[in-house]
Amino acid sequence: AIDRLPDVQVQLLSAADIAVALDAGEAHLGVTGEDLLRERGEGVDRRVMLLRPLGFGRADVVVAAPKSWIDVETMADVEEVAAAYLARTGRRLRVATKYTVLTRAFFAQHGVTDYRIVESNGATEGAPAAGAAELIVDITTTGATLAANNLKTLADGVILKSQAQLAAGLKAPWTRDQVEIARGLLRAVEARARAKDLATVAWAGQEGEGPNRLTPIGELFQTAENIAASGLGPTTANRPDYVFQAECPAADALANALGL
């Protein structure tokens with residue numbers, strides 16, 4: 001359950017199952033990785049709306065090649081190698097991945113056609129060393145696992161910079177009341193995220209307590225210096241837990257997409 005949202009039913013599912021449920025309209029809202037949502041295929045933006053990036057679960061979907069391929073640094077190099085490999089062996093270059101939709105779209109975008117996908121649901125980064133594939137497409141956060149397997153990310157091989165998203169299933173049976181529940185949840189999430197970058201600055205004036213205002217954290221010390229230079233003070237700064245605003249663009253966009 002969620003406090004103050006008594007009409008919300010919470011289900012704990014795997015990230016992959018949440019992506020499926022959102023795409024099928026079996027869930028109104030869900031938190032899952034953007035990579036899993038994009039992998040749902042063509043037209044996913046008509047079925048699922050990304051409402052808010054949540055700042056965790058960051059991972060890049062990348063094309064990686066063996067470090068020993070010193071002449072392969074870009075997707076253009078992959079195109080050349082794939083054509084040469086086909087001419088020499090009669091076989092297409094193998095790409096191990098579980099991201100078949102993202103891989104096909106990205107390779108097509110770069111004009112790479114002489115390859116075939118080897119579907120992988122295990123340790124994809126080990127496929128080249130095991131002789132199961134020549135390239136991989138997989139997620140990485142620090143690159144350490146790729147490096148440990150003697151792989152390198154291509155210079156232009158980042159397919160998607162993914163993170164956890166609060167998303168809405170557009171095919172779910174929404175009502176106006178449910179959109180307003182989503183608005184309340186979104187407003188709280190946005191207020192929490194907004195507060196992380198702000199401080200409340202207050203200062204005393206000649207007549208006693210003065211005004212206060214919200215200041216970006218990066219400008220906090222300069223703001224205090226400016227107040228002191230004006231002959232005012234002392235100045236205090238506090239971190240708010242939430243910073244609410246009247247507007248909620250994400251909820252408005254959801255309502256418009258649903259025609260509600």
# chains A, B, ... in the order shown; residues from 1 in each chain; ligands from 1
$ residues_around --residues "region 183-192 of chain A" --least-positions-apart "4" --cutoff "7 Å" --atoms "only C-alpha atoms" --output "ChimeraX atom specification"
/A:179,196,241-244,248,251
$ residues_around --residues "region 68-84 of chain A" --least-positions-apart "3" --cutoff "9 Å" --atoms "only C-alpha atoms" --output "ChimeraX atom specification"
/A:63,65,87-89,92-93,107,110-115,150-157
$ write_last_selection --atoms "N, CA, C and O atoms" --output "short mmCIF file (atom, residue, chain, number, x, y, z; two decimals), in the first residue's frame"
data_model
loop_
_atom_site.label_atom_id
_atom_site.label_comp_id
_atom_site.auth_asym_id
_atom_site.auth_seq_id
_atom_site.Cartn_x
_atom_site.Cartn_y
_atom_site.Cartn_z
N VAL A 63 27.13 -1.41 -27.74
CA VAL A 63 27.75 -2.40 -28.62
C VAL A 63 29.21 -2.54 -28.19
O VAL A 63 29.92 -1.54 -28.08
N ALA A 65 32.98 -4.82 -28.58
CA ALA A 65 33.81 -5.71 -29.40
C ALA A 65 35.03 -6.13 -28.61
O ALA A 65 35.40 -5.47 -27.63
N ALA A 87 32.34 -12.32 -46.76
CA ALA A 87 33.04 -12.68 -48.00
C ALA A 87 34.07 -13.78 -47.76
O ALA A 87 34.26 -14.66 -48.61
N ARG A 88 34.72 -13.75 -46.61
CA ARG A 88 35.80 -14.71 -46.33
C ARG A 88 35.28 -16.05 -45.86
O ARG A 88 35.81 -17.11 -46.23
N THR A 89 34.23 -16.04 -45.04
CA THR A 89 33.77 -17.28 -44.41
C THR A 89 32.43 -17.78 -44.93
O THR A 89 32.07 -18.94 -44.69
N ARG A 92 27.65 -14.89 -41.52
CA ARG A 92 27.44 -13.52 -41.02
C ARG A 92 28.02 -13.37 -39.62
O ARG A 92 28.07 -14.32 -38.85
N LEU A 93 28.46 -12.16 -39.32
CA LEU A 93 28.98 -11.82 -37.99
C LEU A 93 27.90 -12.08 -36.95
O LEU A 93 26.73 -11.71 -37.15
N PHE A 107 21.53 -1.17 -35.53
CA PHE A 107 22.39 -1.61 -36.63
C PHE A 107 21.84 -1.12 -37.97
O PHE A 107 22.62 -0.74 -38.86
N HIS A 110 22.78 2.40 -38.65
CA HIS A 110 24.18 2.57 -39.04
C HIS A 110 24.53 1.79 -40.31
O HIS A 110 25.71 1.69 -40.66
N GLY A 111 23.53 1.24 -40.97
CA GLY A 111 23.76 0.57 -42.24
C GLY A 111 24.47 -0.76 -42.13
O GLY A 111 25.07 -1.22 -43.12
N VAL A 112 24.44 -1.39 -40.97
CA VAL A 112 25.09 -2.70 -40.78
C VAL A 112 24.04 -3.79 -41.03
O VAL A 112 23.04 -3.87 -40.32
N THR A 113 24.27 -4.61 -42.04
CA THR A 113 23.29 -5.64 -42.41
C THR A 113 23.86 -7.05 -42.40
O THR A 113 23.11 -8.03 -42.27
N ASP A 114 25.17 -7.20 -42.54
CA ASP A 114 25.78 -8.52 -42.63
C ASP A 114 26.08 -9.10 -41.25
O ASP A 114 27.23 -9.27 -40.84
N TYR A 115 25.03 -9.39 -40.50
CA TYR A 115 25.18 -9.95 -39.16
C TYR A 115 23.96 -10.78 -38.84
O TYR A 115 22.92 -10.70 -39.52
N ASN A 150 37.69 -8.53 -21.52
CA ASN A 150 38.50 -8.06 -22.64
C ASN A 150 37.64 -7.50 -23.78
O ASN A 150 37.91 -7.74 -24.95
N LEU A 151 36.60 -6.75 -23.40
CA LEU A 151 35.72 -6.12 -24.37
C LEU A 151 35.80 -4.61 -24.23
O LEU A 151 36.14 -4.08 -23.16
N LYS A 152 35.47 -3.90 -25.30
CA LYS A 152 35.47 -2.44 -25.30
C LYS A 152 34.18 -1.94 -25.94
O LYS A 152 33.64 -2.55 -26.87
N THR A 153 33.66 -0.83 -25.44
CA THR A 153 32.50 -0.20 -26.04
C THR A 153 32.94 0.62 -27.25
O THR A 153 33.93 1.35 -27.18
N LEU A 154 32.23 0.50 -28.36
CA LEU A 154 32.56 1.27 -29.54
C LEU A 154 32.33 2.76 -29.28
O LEU A 154 31.46 3.14 -28.48
N ALA A 155 33.10 3.60 -29.94
CA ALA A 155 33.04 5.04 -29.70
C ALA A 155 31.64 5.60 -29.93
O ALA A 155 31.21 6.50 -29.21
N ASP A 156 30.93 5.08 -30.93
CA ASP A 156 29.57 5.53 -31.20
C ASP A 156 28.58 4.39 -30.95
O ASP A 156 27.53 4.31 -31.60
N GLY A 157 28.93 3.51 -29.99
CA GLY A 157 28.14 2.31 -29.78
C GLY A 157 27.17 2.35 -28.62
O GLY A 157 26.68 1.30 -28.20
#
$ residues_around --residues "region 125-132 of chain A" --least-positions-apart "3" --cutoff "10 Å" --atoms "only C-alpha atoms" --output "compact mmCIF listing (two decimals) with C-alpha atoms, in the first residue's frame"
# COMPACT_ATOMS: atom_id res chain seq x y z
CA ALA A 64 31.01 -4.00 -27.48
CA ALA A 65 33.81 -5.71 -29.40
CA PRO A 66 36.92 -7.60 -28.32
CA ARG A 94 27.28 -13.01 -34.80
CA VAL A 95 25.99 -10.52 -32.22
CA ALA A 96 25.01 -11.93 -28.82
CA THR A 97 22.27 -10.01 -27.01
CA VAL A 118 22.45 -14.90 -31.20
CA SER A 120 21.47 -14.54 -24.99
CA GLY A 122 22.79 -15.44 -19.58
CA LEU A 135 30.19 -8.87 -30.83
CA ILE A 136 27.73 -8.25 -28.03
CA VAL A 137 25.01 -5.76 -27.19
CA ASP A 138 24.47 -5.55 -23.45
CA ILE A 139 23.96 -3.16 -20.55
CA THR A 140 26.86 -1.69 -18.59
CA THR A 145 32.53 -6.27 -16.48
CA LEU A 146 33.21 -5.58 -20.15
CA ALA A 147 36.86 -4.80 -19.37
CA ALA A 148 37.16 -7.99 -17.31
CA ASN A 149 36.05 -9.92 -20.38
CA ASN A 150 38.50 -8.06 -22.64
CA LEU A 151 35.72 -6.12 -24.37
$ atom_distance --atom1 "CA of Leu37 (chain A)" --atom2 "CA of Ala253 (chain A)"
18.6 Å
$ closest_atom_pairs --of "region 105-218 of chain A" --to "region 9-33 of chain A" --cutoff "12 Å" --atoms "only C-alpha atoms" --output "CSV"
residue,atom,partner,partner_atom,distance
A:Ile139,CA,A:Gly33,CA,11.2
A:Leu160,CA,A:Gly33,CA,11.1
A:Lys161,CA,A:Gly33,CA,10.3
A:Ser162,CA,A:Gly33,CA,6.6
A:Gln163,CA,A:Gly33,CA,5.5
A:Ala164,CA,A:Gly33,CA,4.3
A:Gln165,CA,A:Val31,CA,5.5
A:Leu166,CA,A:Val31,CA,4.7
A:Ala167,CA,A:Gly30,CA,5.4
A:Ala168,CA,A:Leu29,CA,4.5
A:Gly169,CA,A:Leu22,CA,4.4
A:Leu170,CA,A:Gly25,CA,6.5
A:Lys171,CA,A:Gly25,CA,4.3
A:Ala172,CA,A:Gly25,CA,4.0
A:Pro173,CA,A:Gly25,CA,7.5
A:Trp174,CA,A:His28,CA,7.3
A:Thr175,CA,A:His28,CA,10.4
A:Gln178,CA,A:His28,CA,8.6
A:Val179,CA,A:His28,CA,9.3
A:Ile181,CA,A:Leu29,CA,10.6
A:Ala182,CA,A:Leu29,CA,8.0
A:Arg183,CA,A:Leu29,CA,11.3
A:Leu185,CA,A:Leu29,CA,10.2
A:Leu186,CA,A:Leu29,CA,10.6
$ write_last_selection --atoms "N, CA and C atoms" --output "mmCIF file, in the first residue's frame"
data_model
loop_
_atom_site.group_PDB
_atom_site.id
_atom_site.type_symbol
_atom_site.label_atom_id
_atom_site.label_comp_id
_atom_site.auth_asym_id
_atom_site.auth_seq_id
_atom_site.Cartn_x
_atom_site.Cartn_y
_atom_site.Cartn_z
ATOM 1 N N ILE A 139 23.977 -4.340 -21.418
ATOM 2 C CA ILE A 139 23.963 -3.161 -20.553
ATOM 3 C C ILE A 139 25.251 -3.105 -19.745
ATOM 4 N N LEU A 160 21.462 3.258 -25.939
ATOM 5 C CA LEU A 160 20.489 3.896 -25.059
ATOM 6 C C LEU A 160 21.115 4.128 -23.696
ATOM 7 N N LYS A 161 20.927 5.328 -23.155
ATOM 8 C CA LYS A 161 21.325 5.619 -21.775
ATOM 9 C C LYS A 161 20.061 5.451 -20.926
ATOM 10 N N SER A 162 20.002 4.328 -20.256
ATOM 11 C CA SER A 162 18.779 3.929 -19.570
ATOM 12 C C SER A 162 18.844 4.239 -18.078
ATOM 13 N N GLN A 163 17.668 4.361 -17.472
ATOM 14 C CA GLN A 163 17.529 4.436 -16.020
ATOM 15 C C GLN A 163 16.104 4.045 -15.675
ATOM 16 N N ALA A 164 15.823 3.903 -14.391
ATOM 17 C CA ALA A 164 14.472 3.570 -13.959
ATOM 18 C C ALA A 164 13.522 4.716 -14.296
ATOM 19 N N GLN A 165 12.339 4.350 -14.764
ATOM 20 C CA GLN A 165 11.337 5.334 -15.149
ATOM 21 C C GLN A 165 10.013 5.019 -14.456
ATOM 22 N N LEU A 166 9.300 6.074 -14.057
ATOM 23 C CA LEU A 166 7.895 5.928 -13.684
ATOM 24 C C LEU A 166 7.111 6.065 -14.978
ATOM 25 N N ALA A 167 6.413 5.011 -15.364
ATOM 26 C CA ALA A 167 5.755 4.983 -16.670
ATOM 27 C C ALA A 167 4.282 4.623 -16.520
ATOM 28 N N ALA A 168 3.491 4.989 -17.523
ATOM 29 C CA ALA A 168 2.056 4.718 -17.529
ATOM 30 C C ALA A 168 1.701 3.822 -18.698
ATOM 31 N N GLY A 169 0.836 2.844 -18.455
ATOM 32 C CA GLY A 169 0.321 1.994 -19.522
ATOM 33 C C GLY A 169 -0.887 2.659 -20.155
ATOM 34 N N LEU A 170 -0.746 3.114 -21.386
ATOM 35 C CA LEU A 170 -1.815 3.876 -22.039
ATOM 36 C C LEU A 170 -2.989 2.994 -22.452
ATOM 37 N N LYS A 171 -2.777 1.684 -22.519
ATOM 38 C CA LYS A 171 -3.863 0.778 -22.897
ATOM 39 C C LYS A 171 -4.667 0.316 -21.683
ATOM 40 N N ALA A 172 -4.245 0.697 -20.493
ATOM 41 C CA ALA A 172 -4.988 0.327 -19.284
ATOM 42 C C ALA A 172 -6.316 1.085 -19.239
ATOM 43 N N PRO A 173 -7.324 0.563 -18.532
ATOM 44 C CA PRO A 173 -8.646 1.220 -18.469
ATOM 45 C C PRO A 173 -8.666 2.390 -17.489
ATOM 46 N N TRP A 174 -8.140 3.525 -17.917
ATOM 47 C CA TRP A 174 -8.043 4.707 -17.057
ATOM 48 C C TRP A 174 -9.399 5.394 -16.892
ATOM 49 N N THR A 175 -9.607 5.979 -15.698
ATOM 50 C CA THR A 175 -10.729 6.882 -15.443
ATOM 51 C C THR A 175 -10.163 8.232 -15.012
ATOM 52 N N GLN A 178 -8.646 8.027 -11.600
ATOM 53 C CA GLN A 178 -7.345 7.375 -11.574
ATOM 54 C C GLN A 178 -6.241 8.297 -12.089
ATOM 55 N N VAL A 179 -6.567 9.139 -13.057
ATOM 56 C CA VAL A 179 -5.585 10.121 -13.527
ATOM 57 C C VAL A 179 -5.238 11.096 -12.402
ATOM 58 N N ILE A 181 -5.344 10.415 -9.186
ATOM 59 C CA ILE A 181 -4.489 9.677 -8.247
ATOM 60 C C ILE A 181 -3.048 9.689 -8.755
ATOM 61 N N ALA A 182 -2.884 9.447 -10.057
ATOM 62 C CA ALA A 182 -1.548 9.485 -10.653
ATOM 63 C C ALA A 182 -0.939 10.875 -10.529
ATOM 64 N N ARG A 183 -1.784 11.907 -10.663
ATOM 65 C CA ARG A 183 -1.290 13.282 -10.522
ATOM 66 C C ARG A 183 -0.728 13.512 -9.120
ATOM 67 N N LEU A 185 0.509 11.279 -7.063
ATOM 68 C CA LEU A 185 1.764 10.532 -6.927
ATOM 69 C C LEU A 185 2.891 11.255 -7.664
ATOM 70 N N LEU A 186 2.620 11.701 -8.886
ATOM 71 C CA LEU A 186 3.625 12.414 -9.668
ATOM 72 C C LEU A 186 4.048 13.706 -8.990
#
$ select_by_dssp --residues "region 65-257 of chain A" --states "helix (DSSP H, G or I)" --output "PyMOL selection string"
chain A and resi 75-89+100-109+124-130+144-148+176-195+217-229+249-257
$ select_by_dssp --residues "region 30-129 of chain A" --states "strand (DSSP E or B)" --output "ChimeraX atom specification"
/A:30-33,48-53,59-66,93-97,115-119
$ write_last_selection --atoms "C-alpha atoms" --output "short mmCIF file (atom, residue, chain, number, x, y, z; two decimals), in the first residue's frame"
data_model
loop_
_atom_site.label_atom_id
_atom_site.label_comp_id
_atom_site.auth_asym_id
_atom_site.auth_seq_id
_atom_site.Cartn_x
_atom_site.Cartn_y
_atom_site.Cartn_z
CA GLY A 30 4.94 0.99 -13.12
CA VAL A 31 8.60 1.53 -12.26
CA THR A 32 11.00 -0.26 -14.58
CA GLY A 33 14.03 0.32 -16.78
CA VAL A 48 3.52 3.33 -22.77
CA MET A 49 4.26 6.89 -21.64
CA LEU A 50 7.44 7.72 -19.73
CA LEU A 51 6.33 10.08 -16.98
CA ARG A 52 9.41 10.68 -14.88
CA PRO A 53 13.06 9.49 -14.81
CA ALA A 59 22.79 1.54 -17.28
CA ASP A 60 23.86 2.05 -20.88
CA VAL A 61 22.91 -0.38 -23.65
CA VAL A 62 26.09 -0.61 -25.72
CA VAL A 63 27.75 -2.40 -28.62
CA ALA A 64 31.01 -4.00 -27.48
CA ALA A 65 33.81 -5.71 -29.40
CA PRO A 66 36.92 -7.60 -28.32
CA LEU A 93 28.98 -11.82 -37.99
CA ARG A 94 27.28 -13.01 -34.80
CA VAL A 95 25.99 -10.52 -32.22
CA ALA A 96 25.01 -11.93 -28.82
CA THR A 97 22.27 -10.01 -27.01
CA TYR A 115 25.18 -9.95 -39.16
CA ARG A 116 22.88 -12.28 -37.28
CA ILE A 117 21.66 -12.17 -33.71
CA VAL A 118 22.45 -14.90 -31.20
CA GLU A 119 19.89 -14.52 -28.44
#
$ decode --residues "region 122-134 of chain A" --atoms "all heavy atoms" --output "PDB file, in the first residue's frame"
ATOM      1  N   GLY A 122      21.869 -15.196 -20.680  1.00  0.00           N
ATOM      2  CA  GLY A 122      22.790 -15.440 -19.579  1.00  0.00           C
ATOM      3  C   GLY A 122      23.864 -14.380 -19.515  1.00  0.00           C
ATOM      4  O   GLY A 122      23.590 -13.188 -19.671  1.00  0.00           O
ATOM      5  N   ALA A 123      25.094 -14.802 -19.308  1.00  0.00           N
ATOM      6  CA  ALA A 123      26.224 -13.879 -19.203  1.00  0.00           C
ATOM      7  C   ALA A 123      26.686 -13.511 -20.614  1.00  0.00           C
ATOM      8  O   ALA A 123      27.606 -14.116 -21.172  1.00  0.00           O
ATOM      9  CB  ALA A 123      27.352 -14.526 -18.414  1.00  0.00           C
ATOM     10  N   THR A 124      26.040 -12.512 -21.195  1.00  0.00           N
ATOM     11  CA  THR A 124      26.295 -12.130 -22.583  1.00  0.00           C
ATOM     12  C   THR A 124      27.748 -11.742 -22.805  1.00  0.00           C
ATOM     13  O   THR A 124      28.330 -12.040 -23.849  1.00  0.00           O
ATOM     14  CB  THR A 124      25.380 -10.961 -22.977  1.00  0.00           C
ATOM     15  OG1 THR A 124      24.017 -11.335 -22.755  1.00  0.00           O
ATOM     16  CG2 THR A 124      25.560 -10.580 -24.439  1.00  0.00           C
ATOM     17  N   GLU A 125      28.346 -11.074 -21.812  1.00  0.00           N
ATOM     18  CA  GLU A 125      29.713 -10.580 -21.994  1.00  0.00           C
ATOM     19  C   GLU A 125      30.728 -11.716 -22.193  1.00  0.00           C
ATOM     20  O   GLU A 125      31.841 -11.488 -22.668  1.00  0.00           O
ATOM     21  CB  GLU A 125      30.132  -9.715 -20.804  1.00  0.00           C
ATOM     22  CG  GLU A 125      30.185 -10.435 -19.471  1.00  0.00           C
ATOM     23  CD  GLU A 125      28.855 -10.493 -18.748  1.00  0.00           C
ATOM     24  OE1 GLU A 125      27.849 -10.011 -19.318  1.00  0.00           O
ATOM     25  OE2 GLU A 125      28.821 -11.032 -17.614  1.00  0.00           O
ATOM     26  N   GLY A 126      30.364 -12.932 -21.861  1.00  0.00           N
ATOM     27  CA  GLY A 126      31.274 -14.061 -22.039  1.00  0.00           C
ATOM     28  C   GLY A 126      31.161 -14.724 -23.396  1.00  0.00           C
ATOM     29  O   GLY A 126      31.950 -15.631 -23.706  1.00  0.00           O
ATOM     30  N   ALA A 127      30.217 -14.284 -24.231  1.00  0.00           N
ATOM     31  CA  ALA A 127      29.971 -14.942 -25.516  1.00  0.00           C
ATOM     32  C   ALA A 127      31.170 -14.904 -26.462  1.00  0.00           C
ATOM     33  O   ALA A 127      31.508 -15.929 -27.073  1.00  0.00           O
ATOM     34  CB  ALA A 127      28.740 -14.342 -26.181  1.00  0.00           C
ATOM     35  N   PRO A 128      31.859 -13.768 -26.644  1.00  0.00           N
ATOM     36  CA  PRO A 128      33.020 -13.773 -27.552  1.00  0.00           C
ATOM     37  C   PRO A 128      34.123 -14.720 -27.099  1.00  0.00           C
ATOM     38  O   PRO A 128      34.693 -15.461 -27.913  1.00  0.00           O
ATOM     39  CB  PRO A 128      33.479 -12.309 -27.529  1.00  0.00           C
ATOM     40  CG  PRO A 128      32.245 -11.536 -27.208  1.00  0.00           C
ATOM     41  CD  PRO A 128      31.520 -12.393 -26.222  1.00  0.00           C
ATOM     42  N   ALA A 129      34.430 -14.728 -25.806  1.00  0.00           N
ATOM     43  CA  ALA A 129      35.485 -15.616 -25.297  1.00  0.00           C
ATOM     44  C   ALA A 129      35.101 -17.077 -25.452  1.00  0.00           C
ATOM     45  O   ALA A 129      35.968 -17.942 -25.665  1.00  0.00           O
ATOM     46  CB  ALA A 129      35.783 -15.294 -23.838  1.00  0.00           C
ATOM     47  N   ALA A 130      33.805 -17.365 -25.372  1.00  0.00           N
ATOM     48  CA  ALA A 130      33.336 -18.743 -25.496  1.00  0.00           C
ATOM     49  C   ALA A 130      33.185 -19.167 -26.952  1.00  0.00           C
ATOM     50  O   ALA A 130      32.871 -20.335 -27.223  1.00  0.00           O
ATOM     51  CB  ALA A 130      32.007 -18.899 -24.771  1.00  0.00           C
ATOM     52  N   GLY A 131      33.386 -18.234 -27.887  1.00  0.00           N
ATOM     53  CA  GLY A 131      33.250 -18.549 -29.297  1.00  0.00           C
ATOM     54  C   GLY A 131      31.823 -18.577 -29.781  1.00  0.00           C
ATOM     55  O   GLY A 131      31.538 -19.066 -30.881  1.00  0.00           O
ATOM     56  N   ALA A 132      30.901 -18.034 -28.981  1.00  0.00           N
ATOM     57  CA  ALA A 132      29.491 -18.061 -29.361  1.00  0.00           C
ATOM     58  C   ALA A 132      29.087 -16.855 -30.203  1.00  0.00           C
ATOM     59  O   ALA A 132      28.032 -16.860 -30.839  1.00  0.00           O
ATOM     60  CB  ALA A 132      28.619 -18.115 -28.107  1.00  0.00           C
ATOM     61  N   ALA A 133      29.908 -15.793 -30.193  1.00  0.00           N
ATOM     62  CA  ALA A 133      29.592 -14.578 -30.953  1.00  0.00           C
ATOM     63  C   ALA A 133      30.861 -13.758 -31.110  1.00  0.00           C
ATOM     64  O   ALA A 133      31.846 -13.956 -30.378  1.00  0.00           O
ATOM     65  CB  ALA A 133      28.514 -13.758 -30.248  1.00  0.00           C
ATOM     66  N   GLU A 134      30.817 -12.834 -32.088  1.00  0.00           N
ATOM     67  CA  GLU A 134      31.952 -11.947 -32.300  1.00  0.00           C
ATOM     68  C   GLU A 134      31.758 -10.615 -31.574  1.00  0.00           C
ATOM     69  O   GLU A 134      32.716 -10.020 -31.085  1.00  0.00           O
ATOM     70  CB  GLU A 134      32.144 -11.680 -33.802  1.00  0.00           C
ATOM     71  CG  GLU A 134      32.786 -12.814 -34.565  1.00  0.00           C
ATOM     72  CD  GLU A 134      31.861 -14.030 -34.700  1.00  0.00           C
ATOM     73  OE1 GLU A 134      30.693 -13.844 -35.123  1.00  0.00           O
ATOM     74  OE2 GLU A 134      32.302 -15.145 -34.377  1.00  0.00           O
TER      75      GLU A 134
END
